[in-house]
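Coordinates from protein11.cif are shown below (mmCIF, N, CA, C and O atoms).
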data_data
#
loop_
_atom_site.label_atom_id
_atom_site.label_comp_id
_atom_site.auth_asym_id
_atom_site.auth_seq_id
_atom_site.Cartn_x
_atom_site.Cartn_y
_atom_site.Cartn_z
N MET A 216 -82.19 68.86 9.96
CA MET A 216 -82.06 69.62 11.17
C MET A 216 -81.35 70.95 10.90
O MET A 216 -81.72 71.97 11.45
N ARG A 217 -80.31 70.89 10.05
CA ARG A 217 -79.59 72.12 9.73
C ARG A 217 -80.48 73.15 9.06
O ARG A 217 -80.36 74.34 9.30
N THR A 218 -81.39 72.66 8.20
CA THR A 218 -82.28 73.56 7.49
C THR A 218 -83.19 74.29 8.46
O THR A 218 -83.37 75.51 8.35
N ILE A 219 -83.73 73.57 9.42
CA ILE A 219 -84.61 74.19 10.41
C ILE A 219 -83.84 75.22 11.22
O ILE A 219 -84.32 76.34 11.43
N LEU A 220 -82.65 74.86 11.63
CA LEU A 220 -81.81 75.79 12.40
C LEU A 220 -81.49 77.03 11.59
O LEU A 220 -81.57 78.15 12.09
N PHE A 221 -81.16 76.84 10.31
CA PHE A 221 -80.86 77.96 9.43
C PHE A 221 -82.03 78.93 9.34
O PHE A 221 -81.86 80.13 9.49
N PHE A 222 -83.24 78.41 9.15
CA PHE A 222 -84.40 79.27 9.03
C PHE A 222 -84.76 79.95 10.35
O PHE A 222 -85.16 81.11 10.36
N LEU A 223 -84.59 79.26 11.45
CA LEU A 223 -84.85 79.88 12.74
C LEU A 223 -83.89 81.03 13.01
O LEU A 223 -84.30 82.11 13.45
N ILE A 224 -82.62 80.82 12.71
CA ILE A 224 -81.64 81.89 12.89
C ILE A 224 -81.95 83.05 11.96
O ILE A 224 -81.88 84.21 12.36
N SER A 225 -82.34 82.75 10.74
CA SER A 225 -82.67 83.81 9.78
C SER A 225 -83.85 84.64 10.24
O SER A 225 -83.85 85.86 10.12
N ILE A 226 -84.85 83.97 10.77
CA ILE A 226 -86.03 84.69 11.25
C ILE A 226 -85.68 85.55 12.45
O ILE A 226 -86.08 86.71 12.54
N ILE A 227 -84.93 84.99 13.37
CA ILE A 227 -84.56 85.72 14.59
C ILE A 227 -83.71 86.94 14.27
O ILE A 227 -83.88 88.00 14.86
N THR A 228 -82.79 86.81 13.31
CA THR A 228 -81.89 87.91 12.99
C THR A 228 -82.52 88.91 12.02
O THR A 228 -81.95 89.96 11.76
N GLY A 229 -83.68 88.61 11.49
CA GLY A 229 -84.38 89.54 10.61
C GLY A 229 -83.83 89.61 9.20
O GLY A 229 -83.91 90.65 8.55
N CYS A 230 -83.27 88.52 8.70
CA CYS A 230 -82.74 88.51 7.34
C CYS A 230 -83.88 88.63 6.32
O CYS A 230 -84.96 88.09 6.52
N SER A 231 -83.60 89.30 5.24
CA SER A 231 -84.58 89.40 4.17
C SER A 231 -84.62 88.08 3.40
O SER A 231 -83.72 87.25 3.52
N THR A 232 -85.65 87.91 2.62
CA THR A 232 -85.77 86.71 1.80
C THR A 232 -84.59 86.58 0.86
O THR A 232 -84.05 85.49 0.66
N ASN A 233 -84.16 87.70 0.30
CA ASN A 233 -83.01 87.70 -0.61
C ASN A 233 -81.76 87.22 0.12
O ASN A 233 -81.01 86.39 -0.40
N GLN A 234 -81.52 87.72 1.30
CA GLN A 234 -80.35 87.31 2.06
C GLN A 234 -80.42 85.83 2.42
O GLN A 234 -79.41 85.12 2.35
N MET A 235 -81.59 85.37 2.81
CA MET A 235 -81.76 83.95 3.14
C MET A 235 -81.49 83.08 1.91
O MET A 235 -80.84 82.05 2.01
N TYR A 236 -82.00 83.52 0.76
CA TYR A 236 -81.80 82.75 -0.47
C TYR A 236 -80.31 82.63 -0.79
O TYR A 236 -79.82 81.54 -1.07
N HIS A 237 -79.61 83.75 -0.72
CA HIS A 237 -78.19 83.73 -1.06
C HIS A 237 -77.36 82.94 -0.04
O HIS A 237 -76.40 82.27 -0.40
N SER A 238 -77.75 82.98 1.21
CA SER A 238 -77.05 82.18 2.23
C SER A 238 -77.27 80.69 1.98
O SER A 238 -76.33 79.89 2.06
N ALA A 239 -78.51 80.32 1.67
CA ALA A 239 -78.81 78.92 1.38
C ALA A 239 -78.09 78.47 0.11
O ALA A 239 -77.58 77.34 0.04
N LYS A 240 -78.03 79.35 -0.87
CA LYS A 240 -77.35 79.03 -2.12
C LYS A 240 -75.86 78.81 -1.87
O LYS A 240 -75.27 77.87 -2.39
N GLN A 241 -75.25 79.64 -1.04
CA GLN A 241 -73.83 79.48 -0.72
C GLN A 241 -73.59 78.17 0.02
O GLN A 241 -72.61 77.48 -0.23
N TYR A 242 -74.50 77.81 0.90
CA TYR A 242 -74.40 76.53 1.60
C TYR A 242 -74.42 75.38 0.60
O TYR A 242 -73.63 74.44 0.70
N GLU A 243 -75.33 75.45 -0.37
CA GLU A 243 -75.41 74.41 -1.40
C GLU A 243 -74.12 74.32 -2.21
O GLU A 243 -73.65 73.23 -2.52
N VAL A 244 -73.56 75.48 -2.57
CA VAL A 244 -72.30 75.49 -3.33
C VAL A 244 -71.20 74.83 -2.50
O VAL A 244 -70.41 74.02 -3.02
N ASN A 245 -71.15 75.13 -1.22
CA ASN A 245 -70.16 74.50 -0.35
C ASN A 245 -70.34 72.99 -0.30
O ASN A 245 -69.36 72.24 -0.27
N GLN A 246 -71.59 72.53 -0.32
CA GLN A 246 -71.85 71.09 -0.35
C GLN A 246 -71.38 70.49 -1.67
O GLN A 246 -70.88 69.37 -1.70
N CYS A 247 -71.54 71.23 -2.75
CA CYS A 247 -71.09 70.75 -4.07
C CYS A 247 -69.58 70.54 -4.08
O CYS A 247 -69.09 69.61 -4.72
N LEU A 248 -68.86 71.39 -3.38
CA LEU A 248 -67.40 71.28 -3.35
C LEU A 248 -66.94 69.99 -2.67
O LEU A 248 -65.81 69.57 -2.86
N GLN A 249 -67.83 69.35 -1.93
CA GLN A 249 -67.47 68.13 -1.23
C GLN A 249 -67.80 66.86 -2.03
O GLN A 249 -67.56 65.76 -1.56
N THR A 250 -68.33 67.03 -3.24
CA THR A 250 -68.66 65.86 -4.07
C THR A 250 -67.38 65.19 -4.54
O THR A 250 -66.31 65.80 -4.59
N THR A 251 -67.50 63.92 -4.92
CA THR A 251 -66.31 63.14 -5.24
C THR A 251 -66.00 63.05 -6.73
O THR A 251 -64.87 62.74 -7.10
N SER A 252 -66.97 63.33 -7.58
CA SER A 252 -66.70 63.22 -9.02
C SER A 252 -67.07 64.52 -9.73
O SER A 252 -67.87 65.31 -9.25
N ASN A 253 -66.47 64.70 -10.88
CA ASN A 253 -66.76 65.90 -11.67
C ASN A 253 -68.21 65.93 -12.13
O ASN A 253 -68.83 67.00 -12.16
N ALA A 254 -68.77 64.79 -12.47
CA ALA A 254 -70.17 64.73 -12.92
C ALA A 254 -71.11 65.14 -11.79
O ALA A 254 -72.05 65.90 -12.00
N GLU A 255 -70.86 64.63 -10.58
CA GLU A 255 -71.68 65.01 -9.43
C GLU A 255 -71.57 66.51 -9.17
O GLU A 255 -72.56 67.16 -8.88
N TYR A 256 -70.35 67.01 -9.24
CA TYR A 256 -70.12 68.43 -9.00
C TYR A 256 -70.88 69.28 -10.02
O TYR A 256 -71.56 70.24 -9.66
N ASP A 257 -70.78 68.92 -11.29
CA ASP A 257 -71.47 69.68 -12.34
C ASP A 257 -72.98 69.67 -12.14
O ASP A 257 -73.63 70.71 -12.27
N ASP A 258 -73.54 68.51 -11.82
CA ASP A 258 -74.98 68.42 -11.56
C ASP A 258 -75.38 69.27 -10.36
O ASP A 258 -76.40 69.95 -10.37
N CYS A 259 -74.57 69.21 -9.34
CA CYS A 259 -74.85 69.96 -8.11
C CYS A 259 -74.81 71.47 -8.38
O CYS A 259 -75.70 72.20 -7.97
N ILE A 260 -73.80 71.93 -9.06
CA ILE A 260 -73.65 73.36 -9.34
C ILE A 260 -74.80 73.86 -10.23
O ILE A 260 -75.29 74.97 -10.04
N LYS A 261 -75.25 73.04 -11.17
CA LYS A 261 -76.37 73.44 -12.03
C LYS A 261 -77.62 73.74 -11.21
O LYS A 261 -78.40 74.61 -11.55
N ARG A 262 -77.80 73.02 -10.10
CA ARG A 262 -78.96 73.26 -9.24
C ARG A 262 -78.85 74.58 -8.47
O ARG A 262 -79.83 75.07 -7.94
N THR A 263 -77.64 75.15 -8.42
CA THR A 263 -77.46 76.40 -7.67
C THR A 263 -77.43 77.63 -8.56
O THR A 263 -77.23 78.74 -8.06
N GLU A 264 -77.64 77.47 -9.86
CA GLU A 264 -77.50 78.58 -10.79
C GLU A 264 -78.73 79.47 -10.90
O GLU A 264 -78.69 80.50 -11.56
N LYS A 265 -79.82 79.11 -10.26
CA LYS A 265 -81.04 79.90 -10.34
C LYS A 265 -80.85 81.23 -9.61
O LYS A 265 -80.39 81.27 -8.47
N THR A 266 -81.20 82.33 -10.27
CA THR A 266 -81.09 83.65 -9.64
C THR A 266 -82.23 83.84 -8.64
O THR A 266 -83.23 83.12 -8.67
N PHE A 267 -82.08 84.83 -7.78
CA PHE A 267 -83.12 85.13 -6.81
C PHE A 267 -84.42 85.52 -7.52
O PHE A 267 -85.50 85.12 -7.09
N ASN A 268 -84.31 86.27 -8.61
CA ASN A 268 -85.52 86.67 -9.35
C ASN A 268 -86.23 85.46 -9.94
O ASN A 268 -87.46 85.38 -9.91
N GLU A 269 -85.49 84.51 -10.50
CA GLU A 269 -86.10 83.28 -11.02
C GLU A 269 -86.78 82.51 -9.90
O GLU A 269 -87.89 81.99 -10.07
N TYR A 270 -86.11 82.43 -8.78
CA TYR A 270 -86.68 81.75 -7.61
C TYR A 270 -87.98 82.43 -7.18
O TYR A 270 -88.98 81.77 -6.90
N ASN A 271 -87.98 83.75 -7.14
CA ASN A 271 -89.16 84.52 -6.73
C ASN A 271 -90.35 84.27 -7.66
O ASN A 271 -91.48 84.11 -7.20
N VAL A 272 -90.10 84.24 -8.96
CA VAL A 272 -91.17 84.00 -9.94
C VAL A 272 -91.77 82.62 -9.72
O VAL A 272 -92.99 82.46 -9.68
N GLU A 273 -90.92 81.61 -9.54
CA GLU A 273 -91.41 80.25 -9.30
C GLU A 273 -92.18 80.16 -7.98
O GLU A 273 -93.22 79.52 -7.90
N ARG A 274 -91.66 80.81 -6.96
CA ARG A 274 -92.32 80.78 -5.65
C ARG A 274 -93.69 81.45 -5.72
O ARG A 274 -94.67 80.93 -5.19
N ASP A 275 -93.76 82.59 -6.41
CA ASP A 275 -95.05 83.28 -6.56
C ASP A 275 -96.06 82.43 -7.34
O ASP A 275 -97.24 82.41 -7.01
N ALA A 276 -95.58 81.72 -8.37
CA ALA A 276 -96.47 80.87 -9.16
C ALA A 276 -97.02 79.74 -8.30
O ALA A 276 -98.21 79.41 -8.40
N VAL A 277 -96.19 79.16 -7.46
CA VAL A 277 -96.65 78.09 -6.57
C VAL A 277 -97.65 78.64 -5.57
O VAL A 277 -98.69 78.04 -5.31
N ASN A 278 -97.37 79.81 -5.01
CA ASN A 278 -98.28 80.40 -4.02
C ASN A 278 -99.62 80.78 -4.64
O ASN A 278 -100.66 80.66 -3.99
N GLU A 279 -99.63 81.21 -5.90
CA GLU A 279 -100.88 81.55 -6.57
C GLU A 279 -101.70 80.31 -6.88
O GLU A 279 -102.93 80.35 -6.89
N GLY A 280 -101.04 79.18 -7.08
CA GLY A 280 -101.72 77.94 -7.40
C GLY A 280 -102.38 77.28 -6.18
O GLY A 280 -103.19 76.39 -6.33
N GLN A 281 -102.07 77.73 -5.02
CA GLN A 281 -102.62 77.10 -3.81
C GLN A 281 -103.94 77.69 -3.42
O GLN A 281 -104.36 78.70 -3.59
#
What would the structure in this file look like if it were written as structure tokens?
Amino acid sequence: MRTILFFLISIITGCSTNQMYHSAKQYEVNQCLQTTSNAEYDDCIKRTEKTFNEYNVERDAVNEGQ
């Protein structure tokens, strides 16, 4: 539900894709801070290390494959 709300607010406020990506990434980092073990935290943070450019390349590749 939070994800849907996040995207609706982003669309309404006119955020760019880059801004949306970084906001979502910050949300994920905040979720990582709530993990209970160092191993969980490390795994969680590794999932947030992708740059916007890397994300864009992967997204474009998926869109071209459809």
Test item: axis-aligned box, all listed atoms of segment 255-261 of chain A, 8 Å on each side, centre and edges in Å rounded to one decimal, as JSON:
{"center_x": -74.3, "center_y": 69.8, "center_z": -10.2, "size_x": 24.3, "size_y": 26.3, "size_z": 20.4}
Residue list (alpha helix (DSSP H), DSSP) for chain A, as a ChimeraX atom specification = /A:217-228,232-247,253-261,267-280
query = Which one is closest to Glu264 of chain A: A:Ser231, A:Lys240, A:Leu248, A:Glu279? Count all atoms listed in the file.
reply =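 Closest to Glu264 of chain A, using all atoms listed in the file: A:Lys240.
One distance worth recording is that between atom O of Cys247 of chain A and atom O of Cys259 of chain A, which is 7.8 Å.
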ask   = Mind pulling up the distance from atom CA of Gln249 of chain A to atom N of His237 of chain A?
value =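 We find that atom N of His237 of chain A and atom CA of Gln249 of chain A lie 19.8 Å from each other.
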task = Record the distance separating atom CA of Val272 of chain A and atom CA of Thr250 of chain A, expressed in Å with one decimal.
result =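 According to the coordinates, atom CA of Val272 of chain A and atom CA of Thr250 of chain A are separated by 29.5 Å.
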request  = Decode the PyMOL selection byres ((chain A and resi 263) around 8) for the given file into explicit residues and return them as a ChimeraX atom specification.
outcome  = /A:236,239-241,243-244,256-262,264-267
Would you fill out segment 230-241 of chain A with all heavy atoms and return it as a PDB file, in the frame of the given file?
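The resulting out33.pdb:
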ATOM      1  N   CYS A 230     -83.270  88.520   8.700  1.00  0.00           N
ATOM      2  CA  CYS A 230     -82.740  88.510   7.340  1.00  0.00           C
ATOM      3  C   CYS A 230     -83.880  88.630   6.320  1.00  0.00           C
ATOM      4  O   CYS A 230     -84.960  88.090   6.520  1.00  0.00           O
ATOM      5  CB  CYS A 230     -81.995  87.207   7.064  1.00  0.00           C
ATOM      6  SG  CYS A 230     -80.463  87.043   7.969  1.00  0.00           S
ATOM      7  N   SER A 231     -83.600  89.300   5.240  1.00  0.00           N
ATOM      8  CA  SER A 231     -84.580  89.400   4.170  1.00  0.00           C
ATOM      9  C   SER A 231     -84.620  88.080   3.400  1.00  0.00           C
ATOM     10  O   SER A 231     -83.720  87.250   3.520  1.00  0.00           O
ATOM     11  CB  SER A 231     -84.225  90.534   3.220  1.00  0.00           C
ATOM     12  OG  SER A 231     -83.077  90.200   2.466  1.00  0.00           O
ATOM     13  N   THR A 232     -85.650  87.910   2.620  1.00  0.00           N
ATOM     14  CA  THR A 232     -85.770  86.710   1.800  1.00  0.00           C
ATOM     15  C   THR A 232     -84.590  86.580   0.860  1.00  0.00           C
ATOM     16  O   THR A 232     -84.050  85.490   0.660  1.00  0.00           O
ATOM     17  CB  THR A 232     -87.081  86.745   0.990  1.00  0.00           C
ATOM     18  OG1 THR A 232     -88.160  86.953   1.885  1.00  0.00           O
ATOM     19  CG2 THR A 232     -87.303  85.469   0.218  1.00  0.00           C
ATOM     20  N   ASN A 233     -84.160  87.700   0.300  1.00  0.00           N
ATOM     21  CA  ASN A 233     -83.010  87.700  -0.610  1.00  0.00           C
ATOM     22  C   ASN A 233     -81.760  87.220   0.120  1.00  0.00           C
ATOM     23  O   ASN A 233     -81.010  86.390  -0.400  1.00  0.00           O
ATOM     24  CB  ASN A 233     -82.822  89.115  -1.169  1.00  0.00           C
ATOM     25  CG  ASN A 233     -81.840  89.175  -2.310  1.00  0.00           C
ATOM     26  OD1 ASN A 233     -81.030  88.296  -2.503  1.00  0.00           O
ATOM     27  ND2 ASN A 233     -81.911  90.246  -3.071  1.00  0.00           N
ATOM     28  N   GLN A 234     -81.520  87.720   1.300  1.00  0.00           N
ATOM     29  CA  GLN A 234     -80.350  87.310   2.060  1.00  0.00           C
ATOM     30  C   GLN A 234     -80.420  85.830   2.420  1.00  0.00           C
ATOM     31  O   GLN A 234     -79.410  85.120   2.350  1.00  0.00           O
ATOM     32  CB  GLN A 234     -80.213  88.143   3.329  1.00  0.00           C
ATOM     33  CG  GLN A 234     -79.838  89.589   3.064  1.00  0.00           C
ATOM     34  CD  GLN A 234     -79.988  90.442   4.317  1.00  0.00           C
ATOM     35  OE1 GLN A 234     -80.924  90.258   5.086  1.00  0.00           O
ATOM     36  NE2 GLN A 234     -79.058  91.363   4.502  1.00  0.00           N
ATOM     37  N   MET A 235     -81.590  85.370   2.810  1.00  0.00           N
ATOM     38  CA  MET A 235     -81.760  83.950   3.140  1.00  0.00           C
ATOM     39  C   MET A 235     -81.490  83.080   1.910  1.00  0.00           C
ATOM     40  O   MET A 235     -80.840  82.050   2.010  1.00  0.00           O
ATOM     41  CB  MET A 235     -83.164  83.691   3.675  1.00  0.00           C
ATOM     42  CG  MET A 235     -83.366  84.199   5.060  1.00  0.00           C
ATOM     43  SD  MET A 235     -85.008  83.965   5.793  1.00  0.00           S
ATOM     44  CE  MET A 235     -85.824  82.763   4.822  1.00  0.00           C
ATOM     45  N   TYR A 236     -82.000  83.520   0.760  1.00  0.00           N
ATOM     46  CA  TYR A 236     -81.800  82.750  -0.470  1.00  0.00           C
ATOM     47  C   TYR A 236     -80.310  82.630  -0.790  1.00  0.00           C
ATOM     48  O   TYR A 236     -79.820  81.540  -1.070  1.00  0.00           O
ATOM     49  CB  TYR A 236     -82.543  83.408  -1.640  1.00  0.00           C
ATOM     50  CG  TYR A 236     -82.300  82.701  -2.953  1.00  0.00           C
ATOM     51  CD1 TYR A 236     -82.989  81.539  -3.256  1.00  0.00           C
ATOM     52  CD2 TYR A 236     -81.364  83.174  -3.863  1.00  0.00           C
ATOM     53  CE1 TYR A 236     -82.756  80.861  -4.436  1.00  0.00           C
ATOM     54  CE2 TYR A 236     -81.124  82.504  -5.044  1.00  0.00           C
ATOM     55  CZ  TYR A 236     -81.823  81.350  -5.340  1.00  0.00           C
ATOM     56  OH  TYR A 236     -81.589  80.680  -6.502  1.00  0.00           O
ATOM     57  N   HIS A 237     -79.610  83.750  -0.720  1.00  0.00           N
ATOM     58  CA  HIS A 237     -78.190  83.730  -1.060  1.00  0.00           C
ATOM     59  C   HIS A 237     -77.360  82.940  -0.040  1.00  0.00           C
ATOM     60  O   HIS A 237     -76.400  82.270  -0.400  1.00  0.00           O
ATOM     61  CB  HIS A 237     -77.650  85.146  -1.240  1.00  0.00           C
ATOM     62  CG  HIS A 237     -78.128  85.776  -2.506  1.00  0.00           C
ATOM     63  ND1 HIS A 237     -77.735  85.346  -3.749  1.00  0.00           N
ATOM     64  CD2 HIS A 237     -78.999  86.774  -2.731  1.00  0.00           C
ATOM     65  CE1 HIS A 237     -78.330  86.054  -4.683  1.00  0.00           C
ATOM     66  NE2 HIS A 237     -79.116  86.932  -4.084  1.00  0.00           N
ATOM     67  N   SER A 238     -77.750  82.980   1.210  1.00  0.00           N
ATOM     68  CA  SER A 238     -77.050  82.180   2.230  1.00  0.00           C
ATOM     69  C   SER A 238     -77.270  80.690   1.980  1.00  0.00           C
ATOM     70  O   SER A 238     -76.330  79.890   2.060  1.00  0.00           O
ATOM     71  CB  SER A 238     -77.552  82.544   3.622  1.00  0.00           C
ATOM     72  OG  SER A 238     -77.179  83.845   3.952  1.00  0.00           O
ATOM     73  N   ALA A 239     -78.510  80.320   1.670  1.00  0.00           N
ATOM     74  CA  ALA A 239     -78.810  78.920   1.380  1.00  0.00           C
ATOM     75  C   ALA A 239     -78.090  78.470   0.110  1.00  0.00           C
ATOM     76  O   ALA A 239     -77.580  77.340   0.040  1.00  0.00           O
ATOM     77  CB  ALA A 239     -80.317  78.726   1.231  1.00  0.00           C
ATOM     78  N   LYS A 240     -78.030  79.350  -0.870  1.00  0.00           N
ATOM     79  CA  LYS A 240     -77.350  79.030  -2.120  1.00  0.00           C
ATOM     80  C   LYS A 240     -75.860  78.810  -1.870  1.00  0.00           C
ATOM     81  O   LYS A 240     -75.270  77.870  -2.390  1.00  0.00           O
ATOM     82  CB  LYS A 240     -77.571  80.168  -3.120  1.00  0.00           C
ATOM     83  CG  LYS A 240     -77.064  79.889  -4.496  1.00  0.00           C
ATOM     84  CD  LYS A 240     -77.474  81.020  -5.426  1.00  0.00           C
ATOM     85  CE  LYS A 240     -76.959  80.823  -6.814  1.00  0.00           C
ATOM     86  NZ  LYS A 240     -77.373  81.895  -7.718  1.00  0.00           N
ATOM     87  N   GLN A 241     -75.250  79.640  -1.040  1.00  0.00           N
ATOM     88  CA  GLN A 241     -73.830  79.480  -0.720  1.00  0.00           C
ATOM     89  C   GLN A 241     -73.590  78.170   0.020  1.00  0.00           C
ATOM     90  O   GLN A 241     -72.610  77.480  -0.230  1.00  0.00           O
ATOM     91  CB  GLN A 241     -73.325  80.655   0.117  1.00  0.00           C
ATOM     92  CG  GLN A 241     -71.830  80.609   0.372  1.00  0.00           C
ATOM     93  CD  GLN A 241     -71.012  80.585  -0.900  1.00  0.00           C
ATOM     94  OE1 GLN A 241     -71.209  81.406  -1.792  1.00  0.00           O
ATOM     95  NE2 GLN A 241     -70.096  79.646  -1.013  1.00  0.00           N
TER      96      GLN A 241
END
